[in-house]
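Chemist: Below is the file work-v2.pdb, with PDB, C-alpha atoms.
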```pdb
MODEL        1
ATOM      1  CA  MET A 524     198.996 309.912  70.761
ATOM      2  CA  ASN A 525     196.630 307.023  71.360
ATOM      3  CA  LEU A 526     195.560 304.429  68.805
ATOM      4  CA  SER A 527     192.036 305.793  68.297
ATOM      5  CA  ILE A 528     193.431 309.194  67.226
ATOM      6  CA  LEU A 529     195.925 307.546  64.868
ATOM      7  CA  LEU A 530     193.148 305.431  63.348
ATOM      8  CA  SER A 531     190.918 308.499  62.967
ATOM      9  CA  ILE A 532     193.686 310.349  61.121
ATOM     10  CA  LEU A 533     194.305 307.252  58.963
ATOM     11  CA  CYS A 534     190.573 307.140  58.164
ATOM     12  CA  ALA A 535     190.529 310.825  57.166
ATOM     13  CA  PHE A 536     193.682 310.372  55.087
ATOM     14  CA  ALA A 537     192.414 307.251  53.297
ATOM     15  CA  TRP A 538     188.973 308.751  52.666
ATOM     16  CA  GLY A 539     190.572 312.000  51.540
ATOM     17  CA  ILE A 540     192.863 310.455  48.925
ATOM     18  CA  GLN A 541     190.508 307.750  47.605
ATOM     19  CA  SER A 542     188.610 310.376  45.598
ATOM     20  CA  ILE A 543     191.847 311.463  43.889
ATOM     21  CA  PHE A 544     192.566 307.893  42.733
ATOM     22  CA  LEU A 545     188.985 307.506  41.552
ATOM     23  CA  LYS A 546     189.102 310.725  39.554
ATOM     24  CA  MET A 547     192.338 309.501  37.936
ATOM     25  CA  ALA A 548     190.715 306.101  37.244
ATOM     26  CA  MET A 549     187.737 307.792  35.590
ATOM     27  CA  ARG A 550     190.027 309.036  32.820
ATOM     28  CA  ASP A 551     190.272 305.424  31.621
ATOM     29  CA  ILE A 552     187.097 303.709  32.818
ATOM     30  CA  HIS A 553     183.426 304.608  33.011
ATOM     31  CA  LEU A 554     181.916 305.998  36.211
ATOM     32  CA  TYR A 555     179.680 302.940  36.788
ATOM     33  CA  MET A 556     182.600 300.553  36.463
ATOM     34  CA  ALA A 557     184.712 302.636  38.832
ATOM     35  CA  ILE A 558     181.968 302.600  41.485
ATOM     36  CA  LEU A 559     181.399 298.878  40.959
ATOM     37  CA  ILE A 560     185.101 298.091  41.477
ATOM     38  CA  THR A 561     185.286 300.123  44.714
ATOM     39  CA  LEU A 562     182.135 298.390  46.001
ATOM     40  CA  ILE A 563     183.580 294.950  45.198
ATOM     41  CA  ILE A 564     186.830 295.797  47.063
ATOM     42  CA  ASN A 565     184.824 297.098  50.050
ATOM     43  CA  PHE A 566     182.643 293.996  50.102
ATOM     44  CA  LEU A 567     185.613 291.612  49.894
ATOM     45  CA  THR A 568     187.374 293.444  52.740
ATOM     46  CA  LEU A 569     184.309 293.292  54.971
ATOM     47  CA  ALA A 570     183.634 289.637  54.108
ATOM     48  CA  PHE A 571     187.293 288.812  54.870
ATOM     49  CA  LEU A 572     187.156 290.563  58.263
ATOM     50  CA  ILE A 573     183.936 288.787  59.210
ATOM     51  CA  GLY A 574     185.368 285.537  57.870
ATOM     52  CA  ILE A 575     188.408 285.739  60.168
ATOM     53  CA  GLY A 576     186.064 285.976  63.116
ATOM     54  CA  LEU A 577     185.114 289.600  63.590
ATOM     55  CA  GLY A 578     182.075 289.799  65.863
ATOM     56  CA  LYS A 579     180.260 286.481  65.746
ATOM     57  CA  GLY A 580     181.334 285.746  62.180
ATOM     58  CA  PHE A 581     178.971 284.856  59.333
ATOM     59  CA  PRO A 582     176.383 283.020  61.523
ATOM     60  CA  GLU A 583     175.353 286.390  62.987
ATOM     61  CA  PHE A 584     173.620 287.236  59.693
ATOM     62  CA  TYR A 585     171.041 284.485  60.395
ATOM     63  CA  TYR A 586     169.911 286.157  63.615
ATOM     64  CA  ILE A 587     169.456 289.687  62.307
ATOM     65  CA  SER A 588     165.799 290.759  62.196
ATOM     66  CA  GLY A 589     164.078 291.838  59.000
ATOM     67  CA  SER A 590     163.679 295.437  60.165
ATOM     68  CA  VAL A 591     167.417 295.754  60.926
ATOM     69  CA  TYR A 592     168.196 294.387  57.453
ATOM     70  CA  LEU A 593     165.838 296.974  56.006
ATOM     71  CA  TYR A 594     167.505 299.841  57.886
ATOM     72  CA  PHE A 595     170.954 298.867  56.643
ATOM     73  CA  MET A 596     169.697 298.244  53.125
ATOM     74  CA  LEU A 597     168.252 301.763  53.079
ATOM     75  CA  ALA A 598     171.500 303.135  54.499
ATOM     76  CA  GLY A 599     173.460 301.214  51.857
ATOM     77  CA  PHE A 600     171.240 302.429  49.046
ATOM     78  CA  LEU A 601     171.554 306.057  50.159
ATOM     79  CA  ASN A 602     175.213 306.095  51.135
ATOM     80  CA  TYR A 603     177.088 303.506  49.076
ATOM     81  CA  PHE A 604     174.948 303.578  45.937
ATOM     82  CA  LEU A 605     173.143 306.898  45.438
ATOM     83  CA  GLY A 606     175.457 309.096  47.499
ATOM     84  CA  ARG A 607     178.624 307.703  45.982
ATOM     85  CA  ALA A 608     177.218 307.713  42.452
ATOM     86  CA  LEU A 609     176.303 311.392  42.746
ATOM     87  CA  TYR A 610     179.566 312.264  44.492
ATOM     88  CA  TYR A 611     181.790 310.518  41.947
ATOM     89  CA  SER A 612     179.645 311.726  39.046
ATOM     90  CA  SER A 613     180.186 315.332  40.138
ATOM     91  CA  PHE A 614     183.955 314.856  39.553
ATOM     92  CA  ARG A 615     183.210 315.024  35.831
ATOM     93  CA  PHE A 616     181.907 318.587  36.114
ATOM     94  CA  ILE A 617     183.651 320.242  39.059
ATOM     95  CA  SER A 618     186.966 319.743  40.826
ATOM     96  CA  VAL A 619     187.423 316.894  43.313
ATOM     97  CA  THR A 620     188.301 319.400  46.029
ATOM     98  CA  GLN A 621     185.123 321.377  45.435
ATOM     99  CA  SER A 622     182.955 318.260  45.306
ATOM    100  CA  THR A 623     184.550 316.663  48.388
ATOM    101  CA  SER A 624     184.204 319.822  50.450
ATOM    102  CA  ILE A 625     180.565 320.422  49.459
ATOM    103  CA  SER A 626     179.559 316.807  50.110
ATOM    104  CA  ALA A 627     181.491 316.870  53.412
ATOM    105  CA  ALA A 628     178.880 319.297  54.755
ATOM    106  CA  TYR A 629     176.533 316.341  55.362
ATOM    107  CA  PRO A 630     176.510 316.537  59.211
ATOM    108  CA  ILE A 631     174.383 319.661  58.764
ATOM    109  CA  ILE A 632     171.620 317.422  57.374
ATOM    110  CA  SER A 633     171.724 315.286  60.511
ATOM    111  CA  VAL A 634     171.517 318.426  62.670
ATOM    112  CA  VAL A 635     168.559 319.769  60.687
ATOM    113  CA  PHE A 636     166.882 316.387  61.123
ATOM    114  CA  ALA A 637     167.582 316.456  64.865
ATOM    115  CA  ILE A 638     165.958 319.880  65.134
ATOM    116  CA  THR A 639     162.924 319.243  62.950
ATOM    117  CA  ALA A 640     162.106 315.607  63.710
ATOM    118  CA  LEU A 641     163.469 315.144  67.229
ATOM    119  CA  GLY A 642     162.879 318.686  68.521
ATOM    120  CA  GLU A 643     166.471 319.033  69.758
ATOM    121  CA  LYS A 644     167.892 322.457  70.562
ATOM    122  CA  LEU A 645     171.214 323.689  69.227
ATOM    123  CA  ALA A 646     174.110 324.928  71.344
ATOM    124  CA  PRO A 647     175.613 328.325  70.349
ATOM    125  CA  HIS A 648     178.771 326.715  68.925
ATOM    126  CA  GLN A 649     176.588 324.564  66.663
ATOM    127  CA  PHE A 650     174.916 327.675  65.247
ATOM    128  CA  ILE A 651     178.384 329.070  64.496
ATOM    129  CA  GLY A 652     179.362 325.720  62.931
ATOM    130  CA  ILE A 653     176.321 325.700  60.633
ATOM    131  CA  GLY A 654     177.037 329.312  59.644
ATOM    132  CA  LEU A 655     180.671 328.542  58.828
ATOM    133  CA  THR A 656     179.774 325.396  56.879
ATOM    134  CA  LEU A 657     177.138 327.158  54.801
ATOM    135  CA  SER A 658     179.560 330.036  54.159
ATOM    136  CA  GLY A 659     182.153 327.536  52.959
ATOM    137  CA  VAL A 660     179.637 325.818  50.667
ATOM    138  CA  TYR A 661     178.552 329.227  49.313
ATOM    139  CA  LEU A 662     182.170 330.208  48.590
ATOM    140  CA  LEU A 663     182.788 326.958  46.703
ATOM    141  CA  MET A 664     179.528 327.327  44.777
ATOM    142  CA  MET A 665     180.543 330.843  43.744
ATOM    143  CA  LYS A 666     183.971 329.629  42.620
ATOM    144  CA  GLY A 667     184.393 329.971  38.885
ATOM    145  CA  ARG A 668     181.068 331.771  38.426
ATOM    146  CA  ARG A 669     182.762 334.907  37.129
TER     147      ARG A 669
ATOM    148  CA  MET B 699     175.565 324.356  33.001
ATOM    149  CA  SER B 700     177.855 321.400  33.639
ATOM    150  CA  ARG B 701     179.320 323.233  36.650
ATOM    151  CA  LEU B 702     175.810 323.638  38.049
ATOM    152  CA  ARG B 703     175.164 319.942  37.464
ATOM    153  CA  GLY B 704     178.349 319.033  39.337
ATOM    154  CA  GLN B 705     177.444 321.281  42.250
ATOM    155  CA  THR B 706     173.884 319.926  42.376
ATOM    156  CA  GLU B 707     175.189 316.356  42.382
ATOM    157  CA  ALA B 708     177.618 317.176  45.209
ATOM    158  CA  ILE B 709     174.790 318.739  47.264
ATOM    159  CA  PHE B 710     172.498 315.739  46.688
ATOM    160  CA  ALA B 711     175.385 313.424  47.593
ATOM    161  CA  SER B 712     175.702 315.389  50.828
ATOM    162  CA  LEU B 713     171.967 314.868  51.443
ATOM    163  CA  CYS B 714     172.346 311.120  50.908
ATOM    164  CA  PHE B 715     175.419 310.962  53.176
ATOM    165  CA  GLY B 716     173.496 312.914  55.809
ATOM    166  CA  ILE B 717     170.312 310.814  55.762
ATOM    167  CA  ALA B 718     171.969 307.368  55.538
ATOM    168  CA  PRO B 719     173.457 307.429  59.096
ATOM    169  CA  ILE B 720     169.958 307.942  60.519
ATOM    170  CA  PHE B 721     168.940 304.514  59.196
ATOM    171  CA  ALA B 722     172.292 302.966  60.103
ATOM    172  CA  LYS B 723     171.945 304.285  63.650
ATOM    173  CA  LYS B 724     168.463 302.762  63.933
ATOM    174  CA  GLY B 725     169.899 299.448  62.784
ATOM    175  CA  LEU B 726     172.836 299.649  65.199
ATOM    176  CA  MET B 727     170.432 300.224  68.126
ATOM    177  CA  SER B 728     169.663 296.501  67.882
ATOM    178  CA  GLY B 729     173.205 295.826  69.140
ATOM    179  CA  LEU B 730     174.454 294.554  65.799
ATOM    180  CA  ASN B 731     178.204 294.628  65.129
ATOM    181  CA  PRO B 732     178.868 297.696  62.888
ATOM    182  CA  PHE B 733     180.904 295.598  60.428
ATOM    183  CA  HIS B 734     177.922 293.315  59.854
ATOM    184  CA  GLY B 735     175.740 296.369  59.280
ATOM    185  CA  ALA B 736     178.284 297.836  56.889
ATOM    186  CA  THR B 737     178.419 294.515  55.021
ATOM    187  CA  ILE B 738     174.623 294.477  54.544
ATOM    188  CA  ALA B 739     174.709 298.110  53.377
ATOM    189  CA  ASN B 740     177.625 297.441  51.036
ATOM    190  CA  ALA B 741     176.114 294.246  49.626
ATOM    191  CA  THR B 742     172.854 296.090  48.897
ATOM    192  CA  ALA B 743     174.681 298.800  46.975
ATOM    193  CA  LEU B 744     176.814 296.194  45.198
ATOM    194  CA  VAL B 745     173.781 294.208  43.991
ATOM    195  CA  ILE B 746     172.036 297.375  42.757
ATOM    196  CA  MET B 747     175.234 298.545  41.047
ATOM    197  CA  ILE B 748     175.708 295.168  39.312
ATOM    198  CA  LEU B 749     172.125 295.377  38.001
ATOM    199  CA  PHE B 750     172.718 298.981  36.978
ATOM    200  CA  VAL B 751     175.881 298.100  35.045
ATOM    201  CA  LEU B 752     174.228 295.118  33.346
ATOM    202  CA  LEU B 753     171.053 297.024  32.387
ATOM    203  CA  SER B 754     173.039 299.993  31.076
ATOM    204  CA  GLY B 755     174.981 297.658  28.790
ATOM    205  CA  ARG B 756     178.307 298.572  30.410
ATOM    206  CA  GLY B 757     178.909 294.991  31.530
ATOM    207  CA  ARG B 758     180.548 294.182  28.204
ATOM    208  CA  GLU B 759     183.252 296.778  28.936
ATOM    209  CA  PHE B 760     184.538 294.724  31.852
ATOM    210  CA  GLY B 761     186.700 292.554  29.595
ATOM    211  CA  SER B 762     188.232 295.477  27.714
ATOM    212  CA  ILE B 763     188.845 297.696  30.702
ATOM    213  CA  LYS B 764     192.155 299.614  30.669
ATOM    214  CA  ARG B 765     194.615 298.154  33.166
ATOM    215  CA  TYR B 766     195.808 301.474  34.545
ATOM    216  CA  GLY B 767     192.227 302.646  35.155
ATOM    217  CA  LEU B 768     191.400 299.329  36.790
ATOM    218  CA  PHE B 769     194.500 299.587  38.994
ATOM    219  CA  LEU B 770     193.570 303.107  40.133
ATOM    220  CA  ALA B 771     189.961 302.095  40.860
ATOM    221  CA  ILE B 772     191.261 299.152  42.939
ATOM    222  CA  VAL B 773     193.601 301.487  44.858
ATOM    223  CA  SER B 774     190.636 303.805  45.457
ATOM    224  CA  GLY B 775     188.602 300.838  46.720
ATOM    225  CA  ILE B 776     191.453 299.787  49.043
ATOM    226  CA  CYS B 777     191.704 303.338  50.441
ATOM    227  CA  ASN B 778     187.932 303.282  50.910
ATOM    228  CA  SER B 779     188.160 299.993  52.798
ATOM    229  CA  ILE B 780     191.025 301.276  54.982
ATOM    230  CA  ALA B 781     188.887 304.321  55.836
ATOM    231  CA  LEU B 782     185.884 302.148  56.686
ATOM    232  CA  VAL B 783     187.807 299.695  58.870
ATOM    233  CA  SER B 784     189.893 302.335  60.661
ATOM    234  CA  PHE B 785     186.762 304.388  61.359
ATOM    235  CA  TYR B 786     184.895 301.518  63.054
ATOM    236  CA  TRP B 787     188.069 300.375  64.819
ATOM    237  CA  ALA B 788     188.677 303.896  66.161
ATOM    238  CA  MET B 789     185.023 304.165  67.221
ATOM    239  CA  SER B 790     185.247 300.871  69.097
ATOM    240  CA  ILE B 791     188.296 301.875  71.178
ATOM    241  CA  GLY B 792     188.055 305.682  71.343
ATOM    242  CA  LYS B 793     185.608 308.406  72.229
ATOM    243  CA  VAL B 794     183.033 309.255  69.560
ATOM    244  CA  ALA B 795     183.399 312.939  70.429
ATOM    245  CA  LEU B 796     187.065 312.730  69.446
ATOM    246  CA  VAL B 797     186.999 310.232  66.579
ATOM    247  CA  VAL B 798     184.187 311.784  64.497
ATOM    248  CA  PRO B 799     185.591 315.357  64.375
ATOM    249  CA  ILE B 800     189.072 314.077  63.433
ATOM    250  CA  THR B 801     187.685 311.980  60.583
ATOM    251  CA  CYS B 802     185.853 315.068  59.283
ATOM    252  CA  ILE B 803     189.151 316.697  58.264
ATOM    253  CA  TYR B 804     189.319 314.482  55.168
ATOM    254  CA  PRO B 805     188.634 317.344  52.675
ATOM    255  CA  LEU B 806     191.967 318.840  53.769
ATOM    256  CA  PHE B 807     193.755 315.658  52.700
ATOM    257  CA  THR B 808     191.865 315.774  49.384
ATOM    258  CA  LEU B 809     192.955 319.382  48.934
ATOM    259  CA  VAL B 810     196.632 318.545  49.528
ATOM    260  CA  ALA B 811     196.536 315.344  47.427
ATOM    261  CA  ALA B 812     194.784 317.142  44.560
ATOM    262  CA  TYR B 813     197.485 319.812  44.635
ATOM    263  CA  PHE B 814     200.256 317.232  44.323
ATOM    264  CA  PHE B 815     198.685 314.554  42.087
ATOM    265  CA  ILE B 816     196.172 316.204  39.750
ATOM    266  CA  LYS B 817     197.400 319.757  39.661
ATOM    267  CA  LYS B 818     196.672 320.076  35.947
ATOM    268  CA  SER B 819     192.943 319.307  36.159
ATOM    269  CA  GLU B 820     192.304 320.983  39.527
ATOM    270  CA  VAL B 821     192.074 324.717  40.004
ATOM    271  CA  ILE B 822     193.053 325.244  43.627
ATOM    272  CA  ASP B 823     192.732 328.928  44.379
ATOM    273  CA  ILE B 824     192.324 330.907  47.576
ATOM    274  CA  LEU B 825     188.493 330.515  47.432
ATOM    275  CA  THR B 826     188.845 326.720  47.408
ATOM    276  CA  VAL B 827     191.232 326.762  50.364
ATOM    277  CA  ILE B 828     189.105 329.168  52.441
ATOM    278  CA  GLY B 829     185.852 327.356  51.533
ATOM    279  CA  THR B 830     187.314 323.964  52.447
ATOM    280  CA  PHE B 831     188.660 325.221  55.796
ATOM    281  CA  LEU B 832     185.324 326.912  56.623
ATOM    282  CA  ILE B 833     183.428 323.672  55.950
ATOM    283  CA  VAL B 834     185.842 321.538  57.985
ATOM    284  CA  ILE B 835     185.821 323.927  60.975
ATOM    285  CA  GLY B 836     182.039 324.367  60.674
ATOM    286  CA  VAL B 837     181.388 320.641  60.612
ATOM    287  CA  ILE B 838     183.683 320.036  63.612
ATOM    288  CA  LEU B 839     181.786 322.708  65.565
ATOM    289  CA  THR B 840     178.390 321.328  64.534
ATOM    290  CA  ILE B 841     178.891 317.679  65.514
TER     291      ILE B 841
ENDMDL
END
```
Render the structure in this file as structure tokens.
Modeler:
Amino acid sequence: MNLSILLSILCAFAWGIQSIFLKMAMRDIHLYMAILITLIINFLTLAFLIGIGLGKGFPEFYYISGSVYLYFMLAGFLNYFLGRALYYSSFRFISVTQSTSISAAYPIISVVFAITALGEKLAPHQFIGIGLTLSGVYLLMMKGRR
Amino acid sequence: MSRLRGQTEAIFASLCFGIAPIFAKKGLMSGLNPFHGATIANATALVIMILFVLLSGRGREFGSIKRYGLFLAIVSGICNSIALVSFYWAMSIGKVALVVPITCIYPLFTLVAAYFFIKKSEVIDILTVIGTFLIVIGVILTI
């Protein structure tokens, strides 16, 4: 097994269990504080990696154009702030498993965007994938209704 | 009602997670190192969250925060960071077509971890297992 596969599995494992720890943390601390702490840890890790010389280090930030900053700021707002806040907030009302699985369906959004905005065509296996994903989301939404 | 709220929040979170990479991809087309991009994105969210906490009056709670809760939130943040770093590292040395589908299996790890660690508060029935597997397989086929 090569390193990229091992790292991918590590990523899935770490991302998969982080929500469990956060749900457990939310028994003792407020949602906002929990999100804030995870963001601080993330920021410190990234700053450390750049500080030890990843890429071109901190000076690279001076040469980034305004539009690129804007793109990443929008991505950060949507993913790390709004997305995470909604995702972690949902833990208070439904199970972590349910919430994680429903929010994991996000690649469908990218595919819908590719079809509508970029005019891309889907391969047959992608149609099957969308069908399976939506079926899974439907099943989880129906869970506990009766 | 609260169940519906939770489901709606999860769906909107999915929307946010789905739209954000479109902007990140546009930013990365400039040739910027992904870690620098992730730092800008993270710093933006961090600044907004700090303002949010201060304006909501929750900032005062920071001093009286329960240690165990703080410890668990830090562990969650460390796991988050490991996921972030290993993802970009894997992407830089491996094939995207292989790395991205593997990382999408994370709900299965959540399912297993929830079963072992928070069994009391999680209802893991056959619907949850089938639904989770359908989503994971569906997403792998879609990307």
Chemist: Evaluate the PyMOL selection byres ((chain B and resi 711-726) around 7) and record the selected residues as number ranges by chain, following the chain and residue labels used in the document.
Modeler: A: 591, 594-595, 597-598, 601-602, 605-607, 609-610, 626-630, 632-633; B: 707-710, 727-730, 732
Chemist: Excluding stretch 809-825 of chain B and its own-chain neighbours fewer than 6 positions away, which residues fall within 9 Å of it when counting only C-alpha atoms? Please give them as a list in words.
Modeler: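 Final neighbour list, sorted by chain and number: Gly539, Ile540, Ile543, Lys546, Met547, Ile617, Ser618, Val619, Thr620, Gln621, Thr623, Ser624, Gly659, Leu662, Leu663, Met665 and Lys666 of chain A.
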Chemist: What residues come out when you apply the PyMOL selection byres ((chain A and resi 525) around 12) to this file, written as a compact mmCIF listing (two decimals) with C-alpha atoms, keeping the file's coordinate frame?
Modeler:
```
# COMPACT_ATOMS: atom_id res chain seq x y z
CA MET A 524 199.00 309.91 70.76
CA LEU A 526 195.56 304.43 68.81
CA SER A 527 192.04 305.79 68.30
CA ILE A 528 193.43 309.19 67.23
CA LEU A 529 195.92 307.55 64.87
CA LEU A 530 193.15 305.43 63.35
CA SER A 531 190.92 308.50 62.97
CA ILE A 532 193.69 310.35 61.12
CA ALA B 788 188.68 303.90 66.16
CA ILE B 791 188.30 301.88 71.18
CA GLY B 792 188.06 305.68 71.34
CA LYS B 793 185.61 308.41 72.23
CA LEU B 796 187.06 312.73 69.45
CA VAL B 797 187.00 310.23 66.58
```
Chemist: Report, in Å with one decimal, the straight-line distance from atom CA of A:Gly574 to atom CA of B:Val773.
Modeler: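 Taking atom CA of A:Gly574 and atom CA of B:Val773, their separation equals 22.2 Å.
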Chemist: Given the choices A:Met664, A:Ile638, A:Ile625, A:Leu577, which gets closest to B:Gly836 if the distance is worked out from only C-alpha atoms?
Modeler: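 The answer is A:Ile625, which sits nearest to B:Gly836.
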Chemist: Using only C-alpha atoms, find each residue of stretch 745-793 of chain B with at least one atom at most 12 Å away from an atom of stretch 551-559 of chain A; report its shortest atom-to-atom pair and that distance in Å (one decimal), sort the rows by chain and rising residue number, and return the result as a tab-separated table.
Modeler:
```
residue	atom	partner	partner_atom	distance
B:Val745	CA	A:Leu559	CA	9.4
B:Ile746	CA	A:Leu559	CA	9.7
B:Met747	CA	A:Leu559	CA	6.2
B:Ile748	CA	A:Leu559	CA	7.0
B:Leu749	CA	A:Leu559	CA	10.3
B:Phe750	CA	A:Tyr555	CA	8.0
B:Val751	CA	A:Tyr555	CA	6.4
B:Leu752	CA	A:Tyr555	CA	10.1
B:Leu753	CA	A:Tyr555	CA	11.3
B:Ser754	CA	A:Tyr555	CA	9.2
B:Gly755	CA	A:Tyr555	CA	10.7
B:Arg756	CA	A:Met556	CA	7.7
B:Gly757	CA	A:Met556	CA	8.3
B:Arg758	CA	A:Met556	CA	10.6
B:Glu759	CA	A:Met556	CA	8.4
B:Phe760	CA	A:Met556	CA	7.7
B:Gly761	CA	A:Met556	CA	11.3
B:Ser762	CA	A:Ile552	CA	9.8
B:Ile763	CA	A:Ile552	CA	6.6
B:Lys764	CA	A:Asp551	CA	6.2
B:Arg765	CA	A:Asp551	CA	8.6
B:Tyr766	CA	A:Asp551	CA	7.4
B:Gly767	CA	A:Asp551	CA	4.9
B:Leu768	CA	A:Ile552	CA	7.3
B:Phe769	CA	A:Ala557	CA	10.3
B:Leu770	CA	A:Ala557	CA	9.0
B:Ala771	CA	A:Ala557	CA	5.7
B:Ile772	CA	A:Ala557	CA	8.5
B:Val773	CA	A:Ala557	CA	10.8
B:Ser774	CA	A:Ala557	CA	9.0
B:Gly775	CA	A:Ile558	CA	8.6
B:Asn778	CA	A:Ile558	CA	11.2
```
Chemist: Write the residues of the selection above to a file with C-alpha atoms, as a PDB file, keeping the file's coordinate frame.
Modeler:
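Written out: part.pdb:
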```pdb
ATOM      1  CA  VAL B 745     173.781 294.208  43.991  1.00  0.00           C
ATOM      2  CA  ILE B 746     172.036 297.375  42.757  1.00  0.00           C
ATOM      3  CA  MET B 747     175.234 298.545  41.047  1.00  0.00           C
ATOM      4  CA  ILE B 748     175.708 295.168  39.312  1.00  0.00           C
ATOM      5  CA  LEU B 749     172.125 295.377  38.001  1.00  0.00           C
ATOM      6  CA  PHE B 750     172.718 298.981  36.978  1.00  0.00           C
ATOM      7  CA  VAL B 751     175.881 298.100  35.045  1.00  0.00           C
ATOM      8  CA  LEU B 752     174.228 295.118  33.346  1.00  0.00           C
ATOM      9  CA  LEU B 753     171.053 297.024  32.387  1.00  0.00           C
ATOM     10  CA  SER B 754     173.039 299.993  31.076  1.00  0.00           C
ATOM     11  CA  GLY B 755     174.981 297.658  28.790  1.00  0.00           C
ATOM     12  CA  ARG B 756     178.307 298.572  30.410  1.00  0.00           C
ATOM     13  CA  GLY B 757     178.909 294.991  31.530  1.00  0.00           C
ATOM     14  CA  ARG B 758     180.548 294.182  28.204  1.00  0.00           C
ATOM     15  CA  GLU B 759     183.252 296.778  28.936  1.00  0.00           C
ATOM     16  CA  PHE B 760     184.538 294.724  31.852  1.00  0.00           C
ATOM     17  CA  GLY B 761     186.700 292.554  29.595  1.00  0.00           C
ATOM     18  CA  SER B 762     188.232 295.477  27.714  1.00  0.00           C
ATOM     19  CA  ILE B 763     188.845 297.696  30.702  1.00  0.00           C
ATOM     20  CA  LYS B 764     192.155 299.614  30.669  1.00  0.00           C
ATOM     21  CA  ARG B 765     194.615 298.154  33.166  1.00  0.00           C
ATOM     22  CA  TYR B 766     195.808 301.474  34.545  1.00  0.00           C
ATOM     23  CA  GLY B 767     192.227 302.646  35.155  1.00  0.00           C
ATOM     24  CA  LEU B 768     191.400 299.329  36.790  1.00  0.00           C
ATOM     25  CA  PHE B 769     194.500 299.587  38.994  1.00  0.00           C
ATOM     26  CA  LEU B 770     193.570 303.107  40.133  1.00  0.00           C
ATOM     27  CA  ALA B 771     189.961 302.095  40.860  1.00  0.00           C
ATOM     28  CA  ILE B 772     191.261 299.152  42.939  1.00  0.00           C
ATOM     29  CA  VAL B 773     193.601 301.487  44.858  1.00  0.00           C
ATOM     30  CA  SER B 774     190.636 303.805  45.457  1.00  0.00           C
ATOM     31  CA  GLY B 775     188.602 300.838  46.720  1.00  0.00           C
ATOM     32  CA  ASN B 778     187.932 303.282  50.910  1.00  0.00           C
TER      33      ASN B 778
END
```
Chemist: How many Å separate atom CA of A:Gln541 from atom CA of A:Phe614?
Modeler: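 Computing the Euclidean distance for atom CA of A:Gln541 and atom CA of A:Phe614 yields 12.6 Å.
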Chemist: Could you check how far atom CA of B:Leu782 sits from atom CA of A:Leu569, in Å to one decimal?
Modeler: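 Interatomic distance, atom CA of B:Leu782 to atom CA of A:Leu569: 9.2 Å.
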Chemist: So which residues get picked by the PyMOL selection byres ((chain B and resi 702) around 10) here, written as a list of chain:residue names?
Modeler: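 Going through the file, the PyMOL selection byres ((chain B and resi 702) around 10) ends up selecting A:Ser613, A:Phe616, A:Ile617, A:Met664, A:Arg668, B:Met699, B:Ser700, B:Arg701, B:Arg703, B:Gly704, B:Gln705, B:Thr706, B:Glu707, B:Ala708.
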Chemist: Could you check the closest approach to A:Tyr585 for each of B:His734, B:Thr830, B:Thr801, B:Ile838 and tell me which residue wins, using only C-alpha atoms?
Modeler: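 Closest to A:Tyr585, using only C-alpha atoms: B:His734.
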Chemist: Determine the nearest neighbour of chain A from the options B:Ala781, B:Val834, B:Val798, B:Ile828, counting all atoms listed in the file.
Modeler: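 Smallest separation from chain A among the options: B:Ala781.
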Chemist: Output as a CSV table (one decimal), keeping the file's coordinate frame: stretch 603-613 of chain A, completed with N, CA and C atoms.
Modeler:
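Produced file selection.csv, reproduced below:
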```csv
chain,number,residue,atom,x,y,z
A,603,TYR,N,176.1,304.2,50.0
A,603,TYR,CA,177.1,303.5,49.1
A,603,TYR,C,176.7,303.5,47.6
A,604,PHE,N,175.4,303.6,47.3
A,604,PHE,CA,174.9,303.6,45.9
A,604,PHE,C,174.7,305.0,45.5
A,605,LEU,N,173.6,305.6,45.9
A,605,LEU,CA,173.1,306.9,45.4
A,605,LEU,C,174.1,308.0,45.8
A,606,GLY,N,174.5,308.1,47.1
A,606,GLY,CA,175.5,309.1,47.5
A,606,GLY,C,176.8,309.1,46.7
A,607,ARG,N,177.3,307.8,46.7
A,607,ARG,CA,178.6,307.7,46.0
A,607,ARG,C,178.5,308.0,44.5
A,608,ALA,N,177.4,307.5,43.9
A,608,ALA,CA,177.2,307.7,42.5
A,608,ALA,C,177.2,309.2,42.2
A,609,LEU,N,176.4,309.9,43.0
A,609,LEU,CA,176.3,311.4,42.7
A,609,LEU,C,177.6,312.1,43.0
A,610,TYR,N,178.3,311.7,44.1
A,610,TYR,CA,179.6,312.3,44.5
A,610,TYR,C,180.6,312.0,43.4
A,611,TYR,N,180.8,310.8,43.0
A,611,TYR,CA,181.8,310.5,41.9
A,611,TYR,C,181.4,311.1,40.6
A,612,SER,N,180.1,311.2,40.3
A,612,SER,CA,179.6,311.7,39.0
A,612,SER,C,180.0,313.2,39.0
A,613,SER,N,179.9,313.9,40.1
A,613,SER,CA,180.2,315.3,40.1
A,613,SER,C,181.6,315.6,39.8
```
